[in-house]
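Participant: This structure is in structure tokens; I'll ask about it shortly.
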Amino acid sequence: MTEIGAAELSGMIAAMAARVGAERDQLNRLDAALGDGDHGTSISTAFEVAAADIAALEDPDMSAVWLATAKALMNRMGGASGAIFGTFFLRGVSLLRERDSLGKAEMSALLAAGLAGVKARGKAQAGDKTMVDALEPALRAFAAADDFSAAWSAAAAAASNGAESTRDLAARQGRAKYLGERAIGHIDPGAMTVALMFEAIDGCWPENRE
Amino acid sequence: MTEIGAAELSGMIAAMAARVGAERDQLNRLDAALGDGDHGTSISTAFEVAAADIAALEDPDMSAVWLATAKALMNRMGGASGAIFGTFFLRGVSLLRERDSLGKAEMSALLAAGLAGVKARGKAQAGDKTMVDALEPALRAFAAADDFSAAWSAAAAAASNGAESTRDLAARQGRAKYLGERAIGHIDPGAMTVALMFEAIDGCWPENRE
Amino acid sequence: MAPRLHKLINRPEDLVDEMLEGFCAAYADIARCGGDRLVMRAQPKAIGKVGLVMGSGSGHEPAMLGWVGEGLFDVVVAGEVFAAPGPENMLAGIRAADRGGGALVCVSHHAGDRLNAELALELCEIEGIENVEMVLLYDDISSAPKGREAERRGTAGLFFVWKMLGAYCEGDVSLASAKALAEKVRDNTRSLAVSLSSCASPVTGQAMFEMGADEMEIGMGLHGEKGMGRQKALSANETIDLMLPLLLEDLPYRAGDEVLVLLNNSGSLTLMELFILYRHAAARLAEAGIDVYRCWIGPYATTLETAGFALALCRVDEQLKALWDAPANGAYMKQL
Amino acid sequence: MAPRLHKLINRPEDLVDEMLEGFCAAYADIARCGGDRLVMRAQPKAIGKVGLVMGSGSGHEPAMLGWVGEGLFDVVVAGEVFAAPGPENMLAGIRAADRGGGALVCVSHHAGDRLNAELALELCEIEGIENVEMVLLYDDISSAPKGREAERRGTAGLFFVWKMLGAYCEGDVSLASAKALAEKVRDNTRSLAVSLSSCASPVTGQAMFEMGADEMEIGMGLHGEKGMGRQKALSANETIDLMLPLLLEDLPYRAGDEVLVLLNNSGSLTLMELFILYRHAAARLAEAGIDVYRCWIGPYATTLETAGFALALCRVDEQLKALWDAPANGAYMKQL
Ligand SMILES: Nc1ncnc2c1ncn2[C@@H]1O[C@H](COP(=O)(O)OP(=O)(O)O)[C@@H](O)[C@H]1O
Ligand SMILES: Nc1ncnc2c1ncn2[C@@H]1O[C@H](COP(=O)(O)OP(=O)(O)O)[C@@H](O)[C@H]1O
Ligand SMILES: [Mg+2]
Ligand SMILES: [Mg+2]
Ligand SMILES: [Mg+2]
Ligand SMILES: [Mg+2]
């Protein structure tokens with residue numbers, strides 16, 4: 001597959017919702033160590049709403065899928081993290097307007113717009129122990145690969161490594177920043193969510209399905 | 001002595017102030033068992049102020065002595081008990097107007113007016129475990145005696161017995177009424193103060209001084 | 001649940017005077033300190049009108065300081081924490097309140113307040129001050145049964161008397177009719193309070209009484225005095241469902257009545273809780289066919305930092321509604 | 001000292017909606033519920049004027065609900081306890097506030113509030129809603145050093161912005177000048193808070209943070225966030241002597257300046273304590289040659305039932321004084 005349409009985008013959101021939902025308790029446990037213990041519940045509820053809202057749309061175009069996801073994350077997660085995850089999708093909406101499909105380069109640009117939005121919104125840099133530590137390497141790996149199939153696999157692996165790398169960091173953003181050195185030894189829950197999101201897409205990509 | 005003048009009245013207040021002041025800590029201890037532990041401090045401070053205010057008056061008449069005492073008790077003791085002790089004196093003020101001296105019968109009437117005021121003000125009856133339990137028998141004994149000398153001695157003894165009698169009562173007025181049966185076994189501090197007041201007069205009455 | 005013992009004060013023996021100084025410094029355009037622990041209007045009422053004076057133990061702020069001002073009280077006399085001021089200070093207050101039309105001494109019914117006010121009135125007689133009347137105010141249904149209303153305590157529901165009597169005495173009225181108006185409002189008012197916590201005396205630094213973390217006292221007095229009893233703490237709706245029927249049947253308030261409602265914060269309840277409580281009270285009143293003319297929700301007569309509230313109702317007719325809506329400008333009671 | 005864990009609520013998940021219902025039922029002549037957790041004026045502003053909207057986590061009552069009304073805000077959007085409302089609700093608030101003269105979104109500076117407001121503005125762009133501006137408000141000197149003011153948190157001192165901006169936007173002014181006025185008030189305002197106790201979440205029933213019985217936190221945020229540090233609790237005068245110099249030197253406020261003063265009750269401090277604190281603050285300001293134009297003392301922006309207070313100053317000129325004195329009629333902010 002070399003082009004993605006609205007149906008595939010919808011499928012990606014549904015896959016993310018399923019994957020994140022399956023790991024809800026693990027994500028809550030990660031957040032209990034570093035924050036207020038609600039990340040799994042908030043993000044999985046919001047993704048569920050996104051998937052349901054998209055399913056309810058009549059013949060949605062690509063931007064509508066991305067906008068519905070953005071809104072569900074922004075409005076259902078609440079607080080700063082809802083705004084940050086929501087922004088990732090919101091920043092892609094205008095790029096998807098009037099389009100029927102995306103090639104890999106355009107997909108790369110879509111993801112990059114999201115990352116730029118996240119960094120602009122939350123002011124986090126790589127190494128601050130946030131979801132950026134998973135997102136940034138994932139996008140680099142995605143861009144460097146030759147086709148969609150390889151790109152999703154590389155992105156999923158990079159996001160997973162990125163999430164793992166947060167274990168050794170002290171936090172400079174989010175609630176965990178008040179913990180100082182005590183944050184070391186725990187994976188950032190937002191970074192883990194990003195890893196699960198890419199894993200979900202990779203796992204449902206036609207050529208990559210086992 | 002068969003007549004009392006302003007100088008004797010002033011002397012009586014000074015004697016009460018000294019006697020009550022000497023027993024301040026004991027009165028506080030009695031109130032600690034039944035109330036809020038401040039009766040000795042409040043009544044002795046108020047009597048001290050009364051004695052000092054009277055001493056500062058220029059050539060006071062009898063009603064001025066009684067009024068100064070009433071005001072000191074009312075304003076310096078505070079709360080309901082200041083009003084009750086103050087009333088005892090306040091009700092005598094008009095009886096003393098325009099008089100230079102009192103015979104025993106008039107003294108009896110003066111004290112009776114005070115008791116009537118106390119009972120009207122505080123609504124306590126004999127047996128309610130209040131200062132009335134010392135005051136009422138003291139006045140009866142005073143009235144029954146033939147002359148001042150015998151009257152003060154009889155009143156002091158009756159007040160002391162009356163105070164002692166409160167030990168076996170449960171309280172129906174004042175703070176102690178919330179203690180129910182737990183009040184039994186302790187002498188009422190206000191009744192003890194009344195006993196001390198009569199003891200003080202008796203002790204400084206010329207014919208009764210040892 | 002222990003109350004907060006550390007208070008932001010200086011020496012306990014100075015606290016009443018320092019409080020009055022701070023209050024009068026803050027609201028100099030409304031009130032001024034008059035010595036003898038008097039707080040009086042910055043601009044006295046016109047000559048010939050009936051003056052209103054009330055003594056009040058401290059620890060209930062903004063009551064009564066916040067009720068001095070145009071359309072409200074003329075003079076408030078402050079006592080020590082939870083203790084009525086003595087009769088000489090009350091006498092000074094009566095003198096200050098009397099603008100030639102006489103003075104009405106309002107007494108929130110408690111032994112100390114009543115006795116000291118009575119003594120002040122006797123002092124007035126002795127000193128030849130005429131045209132002074134006293135009115136005894138009570139509202140708390142938990143402190144004596146129906147039929148013995150005059151034995152009840154004065155609590156937060158006196159709020160209604162203060163406001164309407166204040167408005168009434170801005171007019172050209174007689175002392176006797178002012179007293180009658182106060183009694184009319186009182187006789188249409190009923191209150192009931194609950195509390196979830198004790199408070200601590202700023203004088204002794206000790207808790208005033210004991211209370212368990214999951215307990216609720218039904219029928220608390222304005223100084224934390226006991227009422228109908230203790231029980232397990234309830235939810236907001238359950239609490240209203242316990243309190244409101246007791247209030248309604250006491251007067252009784254009936255379908256078709258119009259009422260004012262007060263939800264008085266005893267100190268540290270949150271406004272969030274009070275709004276949630278009001279929501280259910282309003283719904284239940286509507287079900288009973290009782291019309292809420294206006295309501296007030298907030299800390300009007302506190303018991304230091306007690307967590308609790310009083311629900312008070314006042315049945316109104318056209319006269320009382322007009323008095324309610326008349327302008328008022330106290331530091332803590334403003335009616336536009 | 002443990003905070004009170006039992007709250008008079010019903011189901012935690014209903015508390016924000018029930019609170020809004022109760023509030024709007026109580027003050028129907030001033031405010032009404034507009035869905036999407038909007039509280040808006042009962043009578044909207046005239047067409048063509050600049051609308052004011054602000055999102056606010058719950059738990060700070062009477063802020064911001066009590067500031068909806070004539071001479072104040074047009075719309076307030078409520079969030080969950082201590083959490084900013086999401087951008088769609090903010091968008092609904094912006095639509096409701098815009099009466100054709102544009103809308104100014106006021107943001108009390110916290111990550112969640114700022115991010116959600118920014119998102120709402122992006123939604124406006126996407127949906128073609130023009131003439132919307134955002135202004136970031138901050139005042140808490142304990143949250144970032146002098147020179148980095150824009151990193152500071154928004155706390156109780158925003159009180160001054162709310163009142164004066166509200167008065168300003170009753171006039172025929174432009175959106176740009178409204179934003180400039182908000183910045184002018186903000187840049188003349190400084191706040192510092194202390195607390196003596198924690199508070200408990202009505203949602204979880206757990207204490208929000210820990211605090212010892214004899215401790216004092218200097219520089220608390222409006223949600224109990226840490227500030228400059230913990231120390232042994234002080235007396236009233238010592239507390240003012242610690243706080244006031246920090247505030248004065250930060251702007252700095254100088255001899256000859258005229259200021260408004262706010263002593264904001266975080267929840268369960270007693271008014272008695274606040275008057276005693278004010279007394280000393282007023283004396284120290286007088287010594288410094290700084291003139292107090294007006295002051296306000298009470299619970300205006302609370303942190304649930306936290307025992308603490310904020311001291312805030314706002315330097316004023318003739319324009320700001322006139323705006324301060326302009327009439328206002330919110331449920332919890334009345335200016336005659
Ligand atoms: N400024 C930021 N930039 C990027 N990501 C952030 C930022 N702040 C928080 N996050 C992410 O949000 C996650 C926490 O999400 P969540 O628990 O849902 O929110 P909250 O902390 O409000 O409870 C963190 O693990 C982190 O990855
Ligand atoms: N209603 C009353 N009638 C008569 N005496 C009373 C009444 N109430 C209280 N007293 C007297 O007052 C005494 C307590 O005085 P004190 O401790 O000074 O006052 P308080 O109880 O206000 O602290 C009691 O021992 C009792 O004798
Ligand atoms: Mg979290
Ligand atoms: Mg959270
Ligand atoms: Mg005592
Ligand atoms: Mg006492």
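Ligands are numbered from 1 in the order shown, residues from 1 within each chain, and chains are lettered A, B, ... in the order they appear in the structure tokens.
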May I have the residues of chain D within 7 Å of chain C, counting only C-alpha atoms, written as a PyMOL selection string?

Facilitator: chain D and resi 1-2+4+6+8-10+18-19+21-23+25-26+59+61-62+214+235-237+267-273+275-276+278-279+295+304-305+334+336

Participant: Which residues form the shell of 8 Å around ligand 3 when you count only C-alpha atoms and all ligand atoms, given as a PDB file with C-alpha atoms, in the first residue's frame?

Facilitator:
```pdb
ATOM      1  CA  ASN A  28      -2.087   4.174  35.243  1.00  0.00           C
ATOM      2  CA  ASP A  31       1.588   7.525  36.113  1.00  0.00           C
ATOM      3  CA  ALA A  32       1.088   6.577  39.755  1.00  0.00           C
ATOM      4  CA  GLY A  35       2.231  11.769  38.531  1.00  0.00           C
ATOM      5  CA  ASP A  36      -1.345  11.417  39.703  1.00  0.00           C
ATOM      6  CA  GLY A  37      -2.078   7.928  38.410  1.00  0.00           C
ATOM      7  CA  ASP A  38      -4.746   8.807  35.876  1.00  0.00           C
ATOM      8  CA  HIS A  39      -2.968   8.740  32.513  1.00  0.00           C
ATOM      9  CA  ARG A 175       3.810  16.853  37.147  1.00  0.00           C
TER      10      ARG A 175
END
```

Participant: Would you name the residues within 7 Å of ligand 1, counting only C-alpha atoms and all ligand atoms, and put them as a VMD selection string?

Facilitator: chain A and resid 31 35 to 39 42 to 43 77 79 to 82 84 118 to 119 122 to 124 129 to 132 173 to 175 188 to 191

Participant: Next, write the just-selected residues to a file, as an mmCIF file, in the first residue's frame, keeping C-alpha atoms as the atom set.

Facilitator:
```
data_model
loop_
_atom_site.group_PDB
_atom_site.id
_atom_site.type_symbol
_atom_site.label_atom_id
_atom_site.label_comp_id
_atom_site.auth_asym_id
_atom_site.auth_seq_id
_atom_site.Cartn_x
_atom_site.Cartn_y
_atom_site.Cartn_z
ATOM 1 C CA ASP A 31 1.588 7.525 36.113
ATOM 2 C CA GLY A 35 2.231 11.769 38.531
ATOM 3 C CA ASP A 36 -1.345 11.417 39.703
ATOM 4 C CA GLY A 37 -2.078 7.928 38.410
ATOM 5 C CA ASP A 38 -4.746 8.807 35.876
ATOM 6 C CA HIS A 39 -2.968 8.740 32.513
ATOM 7 C CA SER A 42 -7.743 9.547 30.656
ATOM 8 C CA ILE A 43 -6.026 8.634 27.421
ATOM 9 C CA MET A 77 -8.456 14.161 28.781
ATOM 10 C CA GLY A 79 -5.555 19.608 31.771
ATOM 11 C CA ALA A 80 -2.234 20.175 30.061
ATOM 12 C CA SER A 81 -1.726 16.642 28.733
ATOM 13 C CA GLY A 82 -5.058 16.619 26.895
ATOM 14 C CA ILE A 84 -0.667 18.363 24.225
ATOM 15 C CA VAL A 118 3.466 19.458 20.609
ATOM 16 C CA LYS A 119 6.835 21.083 21.163
ATOM 17 C CA GLY A 122 4.294 22.146 25.773
ATOM 18 C CA LYS A 123 7.805 23.580 25.445
ATOM 19 C CA ALA A 124 9.304 20.132 26.073
ATOM 20 C CA LYS A 129 11.123 12.849 30.095
ATOM 21 C CA THR A 130 7.866 13.370 28.190
ATOM 22 C CA MET A 131 6.044 11.857 25.243
ATOM 23 C CA VAL A 132 8.416 13.886 23.034
ATOM 24 C CA GLN A 173 8.018 19.081 32.280
ATOM 25 C CA GLY A 174 4.666 17.853 33.609
ATOM 26 C CA ARG A 175 3.810 16.853 37.147
ATOM 27 C CA ASP A 188 7.185 8.229 31.393
ATOM 28 C CA PRO A 189 3.556 7.189 30.831
ATOM 29 C CA GLY A 190 2.997 9.648 27.951
ATOM 30 C CA ALA A 191 6.034 8.284 26.136
#
```

Participant: Taking only C-alpha atoms into account, what are the residues of chain D at most 7 Å from chain A, put as a list in words?

Facilitator: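 Contact residues on the first chain: Ala83, Ala84, Pro85, Gly86, Pro87, Glu88, Ala111, Gly112, Leu115 and Asn116 of chain D.
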
Participant: Name the closest residue to B:Ala50 among the candidates B:Val65, B:Ala105, B:Ala159, B:Ala6; distances are taken between atoms, counting only C-alpha atoms.

Facilitator: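 Distance minimum relative to B:Ala50 lands on B:Val65.
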